[in-house]
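**Student:** Below is target.txt; it holds compact mmCIF, C-alpha atoms.
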```
# COMPACT_ATOMS: atom_id res chain seq x y z
CA MET A 1 -23.49 78.97 -8.85
CA ASP A 2 -24.90 75.60 -9.75
CA ARG A 3 -23.16 73.63 -12.44
CA LYS A 4 -25.51 72.08 -14.94
CA VAL A 5 -24.92 68.81 -16.71
CA SER A 6 -26.12 68.38 -20.29
CA TRP A 7 -26.22 65.41 -22.61
CA ILE A 8 -25.68 66.13 -26.32
CA ARG A 9 -26.04 63.80 -29.27
CA ARG A 10 -23.03 64.64 -31.45
CA LYS A 11 -24.28 63.47 -34.86
CA ASP A 12 -26.94 66.20 -34.99
CA LEU A 13 -25.73 68.36 -32.04
CA HIS A 14 -29.10 67.83 -30.38
CA VAL A 15 -29.22 68.80 -26.70
CA LEU A 16 -31.15 65.95 -25.12
CA THR A 17 -31.11 67.00 -21.47
CA THR A 18 -29.95 69.89 -19.32
CA GLY A 19 -30.14 69.18 -15.63
CA ASN A 20 -33.40 67.33 -15.08
CA LEU A 21 -35.07 68.95 -18.08
CA LEU A 22 -35.68 66.91 -21.22
CA TYR A 23 -35.33 68.63 -24.63
CA THR A 24 -36.53 65.88 -26.93
CA THR A 25 -39.93 64.50 -27.83
CA ASP A 26 -38.51 60.98 -27.95
CA VAL A 27 -39.91 59.41 -24.81
CA ARG A 28 -37.24 56.71 -24.85
CA PHE A 29 -34.72 59.22 -23.45
CA ARG A 30 -34.72 60.26 -19.83
CA MET A 31 -32.30 61.57 -17.20
CA LEU A 32 -31.56 59.49 -14.11
CA HIS A 33 -30.31 61.61 -11.18
CA LEU A 34 -30.75 61.54 -7.45
CA ALA A 35 -30.65 64.80 -5.51
CA GLY A 36 -27.17 65.41 -4.16
CA SER A 37 -25.67 62.65 -6.30
CA PRO A 38 -22.75 63.46 -8.62
CA TYR A 39 -24.04 60.98 -11.22
CA TRP A 40 -26.12 62.10 -14.21
CA THR A 41 -27.12 59.09 -16.26
CA LEU A 42 -28.74 59.26 -19.69
CA GLU A 43 -31.07 56.33 -20.29
CA VAL A 44 -32.19 55.15 -23.75
CA ALA A 45 -35.00 52.62 -23.66
CA SER A 46 -35.34 50.05 -26.48
CA PRO A 47 -32.35 51.35 -28.46
CA THR A 48 -32.19 50.88 -32.23
CA LEU A 49 -29.39 51.08 -34.79
CA ASP A 50 -30.21 54.77 -35.34
CA ASP A 51 -29.24 55.48 -31.74
CA ALA A 52 -25.65 54.39 -32.28
CA GLY A 53 -23.03 57.12 -32.20
CA VAL A 54 -21.23 59.58 -29.93
CA TYR A 55 -22.93 61.16 -26.91
CA GLU A 56 -21.31 63.97 -24.95
CA CYS A 57 -21.73 64.71 -21.26
CA GLN A 58 -21.01 68.42 -20.80
CA VAL A 59 -20.61 70.42 -17.56
CA SER A 60 -21.26 74.18 -17.59
CA THR A 61 -17.91 75.31 -16.19
CA GLN A 62 -15.48 77.89 -17.52
CA PRO A 63 -13.88 76.49 -19.48
CA LYS A 64 -16.38 73.74 -20.13
CA ILE A 65 -15.46 70.19 -19.35
CA TYR A 66 -16.93 67.25 -21.18
CA GLN A 67 -16.65 63.53 -21.67
CA ARG A 68 -17.68 61.67 -24.83
CA PHE A 69 -19.04 58.15 -25.02
CA TYR A 70 -19.65 55.96 -28.04
CA LEU A 71 -22.86 53.96 -27.99
CA ASN A 72 -22.59 50.75 -30.01
CA ILE A 73 -25.84 48.94 -30.78
CA ILE A 74 -25.61 45.17 -31.12
CA VAL A 75 -28.68 43.71 -32.78
CA PRO A 76 -29.37 40.15 -31.66
CA LYS A 77 -30.09 37.79 -34.51
CA ALA A 78 -31.31 34.27 -35.01
CA GLU A 79 -29.65 31.69 -37.22
CA ILE A 80 -31.05 28.37 -38.36
CA THR A 81 -28.37 25.73 -38.76
CA GLY A 82 -28.05 24.07 -42.14
CA THR A 83 -29.40 25.24 -45.48
CA GLN A 84 -32.33 27.56 -46.16
CA GLN A 85 -34.16 24.86 -48.14
CA LEU A 86 -35.16 21.56 -46.54
CA PHE A 87 -36.56 18.66 -48.59
CA MET A 88 -38.33 15.97 -46.56
CA LYS A 89 -40.30 12.86 -47.47
CA ALA A 90 -43.89 12.60 -46.35
CA GLY A 91 -44.12 10.81 -43.02
CA SER A 92 -40.63 11.79 -41.88
CA ASN A 93 -39.72 14.11 -38.99
CA ILE A 94 -38.81 17.78 -39.48
CA ASN A 95 -35.94 18.79 -37.20
CA ILE A 96 -34.93 22.49 -37.10
CA THR A 97 -32.42 24.11 -34.72
CA CYS A 98 -32.28 27.87 -34.11
CA LEU A 99 -29.36 29.67 -32.44
CA VAL A 100 -29.61 33.24 -31.11
CA THR A 101 -26.53 35.45 -30.72
CA GLY A 102 -26.25 38.83 -29.01
CA ALA A 103 -29.47 38.50 -27.02
CA VAL A 104 -29.81 38.86 -23.28
CA ARG A 105 -30.47 35.80 -21.20
CA GLY A 106 -34.07 34.79 -20.95
CA THR A 107 -35.02 36.14 -24.37
CA LEU A 108 -38.35 34.75 -25.52
CA ILE A 109 -38.10 32.72 -28.74
CA LYS A 110 -41.21 32.15 -30.85
CA TRP A 111 -41.73 29.86 -33.82
CA TYR A 112 -44.07 30.58 -36.72
CA HIS A 113 -45.29 28.39 -39.56
CA ILE A 114 -46.26 30.43 -42.64
CA LEU A 115 -48.26 28.46 -45.17
CA SER A 116 -49.32 29.84 -48.55
CA ARG A 117 -52.13 28.22 -50.55
CA PRO A 118 -53.67 29.51 -53.80
CA ARG A 119 -57.24 29.17 -52.52
CA ASN A 120 -56.81 29.83 -48.81
CA GLY A 121 -54.20 32.58 -49.04
CA VAL A 122 -51.45 32.97 -46.45
CA SER A 123 -51.88 31.59 -42.94
CA VAL A 124 -49.54 32.26 -40.02
CA ILE A 125 -49.52 29.79 -37.14
CA GLU A 126 -47.64 30.39 -33.90
CA LEU A 127 -46.28 26.97 -33.03
CA ASN A 128 -45.67 27.88 -29.38
CA ILE A 129 -49.42 27.93 -28.79
CA GLY A 130 -50.63 25.89 -31.77
CA ASP A 131 -52.90 22.89 -31.39
CA ARG A 132 -51.20 20.77 -34.04
CA GLY A 133 -50.24 17.44 -32.53
CA GLY A 134 -46.76 16.02 -32.95
CA VAL A 135 -44.97 19.37 -32.53
CA GLN A 136 -42.27 19.62 -29.86
CA LEU A 137 -40.39 22.76 -28.83
CA VAL A 138 -37.33 22.71 -26.60
CA THR A 139 -35.85 26.14 -25.76
CA ASP A 140 -32.79 26.94 -23.65
CA LYS A 141 -33.14 30.65 -22.83
CA ASN A 142 -29.78 30.79 -21.06
CA ARG A 143 -27.88 29.53 -24.10
CA GLY A 144 -30.16 31.18 -26.64
CA SER A 145 -31.11 28.07 -28.57
CA SER A 146 -34.37 26.49 -29.61
CA TRP A 147 -35.18 23.15 -31.21
CA LEU A 148 -38.30 22.39 -33.25
CA LEU A 149 -39.50 18.88 -34.07
CA VAL A 150 -42.50 18.13 -36.28
CA SER A 151 -43.33 14.41 -36.33
CA ASN A 152 -44.91 12.50 -39.21
CA ALA A 153 -44.86 15.45 -41.60
CA SER A 154 -47.51 15.78 -44.31
CA TRP A 155 -48.09 18.26 -47.13
CA LYS A 156 -49.79 20.56 -44.61
CA ASP A 157 -46.45 20.96 -42.82
CA ALA A 158 -44.71 22.40 -45.88
CA GLY A 159 -43.95 26.10 -46.04
CA ASN A 160 -41.89 28.69 -44.20
CA TYR A 161 -40.70 28.17 -40.62
CA THR A 162 -39.48 31.29 -38.81
CA CYS A 163 -37.53 31.48 -35.57
CA ALA A 164 -38.28 34.91 -34.06
CA PRO A 165 -36.51 35.84 -30.81
CA GLU A 166 -37.80 38.91 -29.01
CA TYR A 167 -36.12 42.18 -30.15
CA SER A 168 -33.96 40.22 -32.60
CA GLN A 169 -33.62 39.60 -36.30
CA PRO A 170 -35.57 36.43 -37.18
CA ALA A 171 -34.36 33.53 -39.31
CA SER A 172 -36.38 31.43 -41.72
CA ILE A 173 -36.21 28.13 -43.55
CA THR A 174 -38.44 26.72 -46.30
CA VAL A 175 -39.58 23.11 -45.93
CA HIS A 176 -40.71 21.07 -48.94
CA ILE A 177 -42.64 17.83 -48.41
CA LEU A 178 -41.98 15.32 -51.20
CA ASN A 179 -44.07 12.33 -52.17
CA GLU A 180 -42.70 9.19 -53.82
CA GLU A 181 -42.88 10.60 -57.36
CA THR A 182 -41.50 14.07 -56.75
CA PRO A 183 -37.78 13.20 -56.43
CA ALA A 184 -37.77 11.35 -59.78
CA ALA A 185 -39.49 14.25 -61.49
CA MET A 186 -37.03 16.71 -59.98
CA GLN A 187 -34.11 14.56 -61.08
CA HIS A 188 -35.51 14.31 -64.62
CA ASP A 189 -35.80 18.11 -64.83
CA LEU A 190 -32.23 18.61 -63.69
CA GLN A 191 -30.70 16.21 -66.24
CA PRO A 192 -30.09 17.42 -69.82
CA SER A 193 -31.90 15.55 -72.59
CA SER A 194 -30.06 13.20 -74.92
CA GLU A 195 -31.02 15.37 -77.86
CA GLY A 196 -29.54 18.37 -76.04
CA ARG A 197 -26.28 16.50 -75.57
CA LYS A 198 -26.16 15.58 -79.27
CA SER A 199 -26.70 19.16 -80.33
CA ILE A 200 -23.29 20.25 -79.04
CA LEU A 201 -21.27 21.02 -82.15
CA PRO A 202 -17.72 19.58 -82.24
CA LEU A 203 -14.98 22.12 -82.76
CA TYR A 204 -13.55 20.46 -85.88
CA HIS A 205 -16.93 20.74 -87.64
CA LEU A 206 -16.97 24.47 -87.10
CA THR A 207 -13.32 24.73 -88.14
CA ALA A 208 -13.97 23.02 -91.47
CA ILE A 209 -16.95 25.23 -92.28
CA PHE A 210 -15.19 28.47 -91.41
CA SER A 211 -12.16 27.36 -93.44
CA MET A 212 -14.35 27.01 -96.53
CA LEU A 213 -15.82 30.45 -95.88
CA ASN A 214 -12.31 31.81 -95.53
CA ILE A 215 -11.30 30.43 -98.96
CA ILE A 216 -14.19 32.24 -100.59
CA SER A 217 -13.35 35.48 -98.77
CA ILE A 218 -9.76 35.30 -100.09
CA PHE A 219 -11.01 35.26 -103.65
CA LEU A 220 -13.21 38.24 -102.89
CA LEU A 221 -10.33 40.21 -101.37
CA GLU A 222 -8.12 39.58 -104.40
CA GLY A 223 -10.48 41.74 -106.37
CA ARG A 224 -11.12 39.15 -109.05
CA THR A 225 -13.75 40.22 -111.58
CA TRP A 226 -16.77 38.00 -111.34
CA THR A 227 -19.23 37.38 -114.03
CA LEU A 228 -22.92 37.30 -113.32
CA ILE A 229 -22.82 33.49 -113.32
CA SER A 230 -19.84 33.41 -110.90
CA GLN A 231 -21.61 35.74 -108.52
CA SER A 232 -24.64 33.49 -108.61
CA GLU A 233 -22.52 30.41 -107.84
CA LEU A 234 -20.81 32.28 -105.01
CA MET A 235 -24.12 33.25 -103.43
CA ARG A 236 -25.35 29.66 -103.68
CA THR A 237 -22.19 28.44 -101.94
CA LEU A 238 -22.58 30.94 -99.12
CA VAL A 239 -26.24 30.03 -98.67
CA CYS A 240 -25.41 26.31 -98.48
CA LEU A 241 -22.70 26.87 -95.89
CA THR A 242 -24.95 29.12 -93.83
CA CYS A 243 -27.77 26.57 -93.83
CA LEU A 244 -25.38 23.80 -92.85
CA LEU A 245 -23.91 25.86 -90.02
CA SER A 246 -27.37 26.74 -88.69
CA CYS A 247 -28.41 23.10 -88.80
CA LEU A 248 -25.38 22.01 -86.81
CA ILE A 249 -25.82 24.68 -84.18
CA TRP A 250 -29.53 24.17 -83.52
CA ASN A 251 -29.81 20.41 -84.21
CA SER A 252 -27.82 17.25 -83.67
CA TRP A 253 -25.02 16.16 -86.05
CA SER A 254 -26.99 13.10 -87.20
CA THR A 255 -29.94 15.26 -88.17
CA CYS A 256 -27.73 17.31 -90.47
CA ILE A 257 -26.12 14.38 -92.34
CA PRO A 258 -28.69 14.39 -95.21
CA ARG A 259 -28.34 18.14 -95.50
CA LEU A 260 -24.55 17.76 -95.35
CA TRP A 261 -24.38 15.56 -98.46
CA ASN A 262 -26.66 17.90 -100.37
CA SER A 263 -24.59 20.87 -99.25
CA VAL A 264 -21.31 19.18 -100.20
CA GLU A 265 -22.64 18.48 -103.68
CA GLU A 266 -23.86 22.06 -104.08
CA ILE A 267 -20.63 23.54 -102.69
CA SER A 268 -18.41 21.31 -104.86
CA ILE A 269 -20.23 22.26 -108.05
CA SER A 270 -20.18 25.93 -107.11
CA LEU A 271 -16.46 25.97 -106.25
CA ILE A 272 -15.54 24.12 -109.47
CA ASP A 273 -17.50 26.67 -111.48
CA LEU A 274 -15.81 29.53 -109.63
CA LEU A 275 -12.23 28.28 -109.86
CA CYS A 276 -12.26 26.97 -113.41
```
I need this file expressed as structure tokens, please.
**Tutor:**
Amino acid sequence: MDRKVSWIRRKDLHVLTTGNLLYTTDVRFRMLHLAGSPYWTLEVASPTLDDAGVYECQVSTQPKIYQRFYLNIIVPKAEITGTQQLFMKAGSNINITCLVTGAVRGTLIKWYHILSRPRNGVSVIELNIGDRGGVQLVTDKNRGSSWLLVSNASWKDAGNYTCAPEYSQPASITVHILNEETPAAMQHDLQPSSEGRKSILPLYHLTAIFSMLNIISIFLLEGRTWTLISQSELMRTLVCLTCLLSCLIWNSWSTCIPRLWNSVEEISISLIDLLC
């Protein structure tokens, strides 16, 4: 009686092959076996991450014998050294280095320049075959590295540069071309304005205001009977303090000085009327 060898994918218990027969519609799987040979090899062409897992080689004996194998899929990936944003002056040279890990020797590495313009839309240029002068590509397929040099860069050279090795995860970098005025404008946008720095309210100013509010709240908690006039003075005091606090929070301290003197006069009169 002939003993049949089957290959089973354990994660879904799918019988892939039995003998030389294939029981899957996935054409990437096939059985490699020579007549009279004791070796039954399951081949998976162009494996993906979904193919990772346990596969079982099973022989139809009684009892059955089997051997399990774990298939680990390593996805090669590209990595561009440095940061993901590159700021260059017009006329300078763009130098980008791409390193590929996990790929087999001789892997083809392609470079793409993706440029987006409001009027022209998105254009993709393969630099390996592009006709743009001043572009140099040096690739070491054995070490899995590639070096891109763009000489005398202009605004047309700005955009996304992608290093795309074959059957690997690509890597990208965004290049910005700056003229003489752009750095100063960028620096101005990053620095806070002088008015913004003045608007920071010192802690002791807030402490004084909240202390005055606290004094008024103490009188309220004592349950003192207020006349209609006292209630009116109290409301005026609270309104003055609220306006002063809002001014200090949203404006600079110097802007609030005129309001401060008016508020102090109003608050003093109100507190004297309340306490006397």
**Student:** As a list in words, please: the residues near Leu71 of chain A (cut-off 9 Å, all atoms listed in the file, same-chain neighbours under 3 positions excluded).
**Tutor:**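 Counting all atoms listed in the file, the residues come to Asp51, Ala52, Gly53, Val54 and Tyr55 of chain A.
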**Student:** Nearest to Glu43 of chain A: which of A:Thr17, A:Ser145, A:Ser168, A:Thr81 is it, counting all atoms listed in the file?
**Tutor:**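 Of all the options, A:Thr17 lies closest to Glu43 of chain A.
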**Student:** Specify the axis-aligned box that encloses all atoms of segment 114-131 of chain A listed in the file after padding of 6 Å on each side, stating its centre and edge lengths in Å to one decimal as AutoDock Vina command-line options.
**Tutor:**
```
--center_x -51.5 --center_y 27.9 --center_z -41.3 --size_x 23.6 --size_y 22.1 --size_z 37.0
```
**Student:** Do you have the atom CA of Cys98 of chain A-atom CA of Val175 of chain A distance handy?
**Tutor:** 14.7 Å
**Student:** Atom CA of Tyr70 of chain A and atom CA of Leu49 of chain A are how many Å apart?
**Tutor:**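 Between atom CA of Tyr70 of chain A and atom CA of Leu49 of chain A the gap works out to 12.8 Å.
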**Student:** Report the distance between atom CA of Met31 of chain A and atom CA of Ala103 of chain A in Å, rounded to one decimal place.
**Tutor:** 25.2 Å
**Student:** Pick out the closest residue to Asp157 of chain A from this set: A:Gly134, A:Gly121, A:Gly82, A:Pro38. Count all atoms listed in the file.
**Tutor:**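 Closest candidate: A:Gly134.
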**Student:** Identify the residues within 12 Å of coordinate (-34.8, 65.3, -27.8) (same frame as the file), considering all atoms listed in the file, and give the answer as an MDAnalysis selection string.
**Tutor:** chainID A and resid 6:9 12:18 21:31 42 44 51
**Student:** Please reconstruct the missing atoms of segment 51-66 of chain A (target: N, CA and C atoms) and return them as a short mmCIF file (atom, residue, chain, number, x, y, z; two decimals), in the frame of the given file.
**Tutor:**
```
data_model
loop_
_atom_site.label_atom_id
_atom_site.label_comp_id
_atom_site.auth_asym_id
_atom_site.auth_seq_id
_atom_site.Cartn_x
_atom_site.Cartn_y
_atom_site.Cartn_z
N ASP A 51 -29.73 54.84 -32.97
CA ASP A 51 -29.24 55.48 -31.74
C ASP A 51 -27.74 55.34 -31.57
N ALA A 52 -27.10 54.57 -32.41
CA ALA A 52 -25.65 54.39 -32.28
C ALA A 52 -24.93 55.70 -32.60
N GLY A 53 -23.81 55.91 -31.94
CA GLY A 53 -23.03 57.12 -32.20
C GLY A 53 -22.43 57.69 -30.92
N VAL A 54 -21.93 58.92 -31.03
CA VAL A 54 -21.23 59.58 -29.93
C VAL A 54 -22.19 60.46 -29.14
N TYR A 55 -22.16 60.33 -27.82
CA TYR A 55 -22.93 61.16 -26.91
C TYR A 55 -21.95 61.88 -25.98
N GLU A 56 -22.24 63.14 -25.74
CA GLU A 56 -21.31 63.97 -24.95
C GLU A 56 -21.97 64.44 -23.66
N CYS A 57 -21.30 64.18 -22.55
CA CYS A 57 -21.73 64.71 -21.26
C CYS A 57 -20.94 65.99 -21.01
N GLN A 58 -21.66 67.11 -20.87
CA GLN A 58 -21.01 68.42 -20.80
C GLN A 58 -21.40 69.12 -19.49
N VAL A 59 -20.39 69.70 -18.82
CA VAL A 59 -20.61 70.42 -17.56
C VAL A 59 -20.37 71.90 -17.81
N SER A 60 -21.31 72.74 -17.32
CA SER A 60 -21.26 74.18 -17.59
C SER A 60 -20.25 74.89 -16.69
N THR A 61 -18.99 74.61 -16.91
CA THR A 61 -17.91 75.31 -16.19
C THR A 61 -17.19 76.21 -17.18
N GLN A 62 -16.31 77.04 -16.68
CA GLN A 62 -15.48 77.89 -17.52
C GLN A 62 -14.02 77.59 -17.25
N PRO A 63 -13.32 76.98 -18.21
CA PRO A 63 -13.88 76.49 -19.48
C PRO A 63 -14.72 75.23 -19.25
N LYS A 64 -15.51 74.89 -20.26
CA LYS A 64 -16.38 73.74 -20.13
C LYS A 64 -15.57 72.45 -20.11
N ILE A 65 -16.06 71.52 -19.35
CA ILE A 65 -15.46 70.19 -19.35
C ILE A 65 -16.50 69.20 -19.89
N TYR A 66 -16.00 68.20 -20.56
CA TYR A 66 -16.93 67.25 -21.18
C TYR A 66 -16.26 65.88 -21.29
#
```
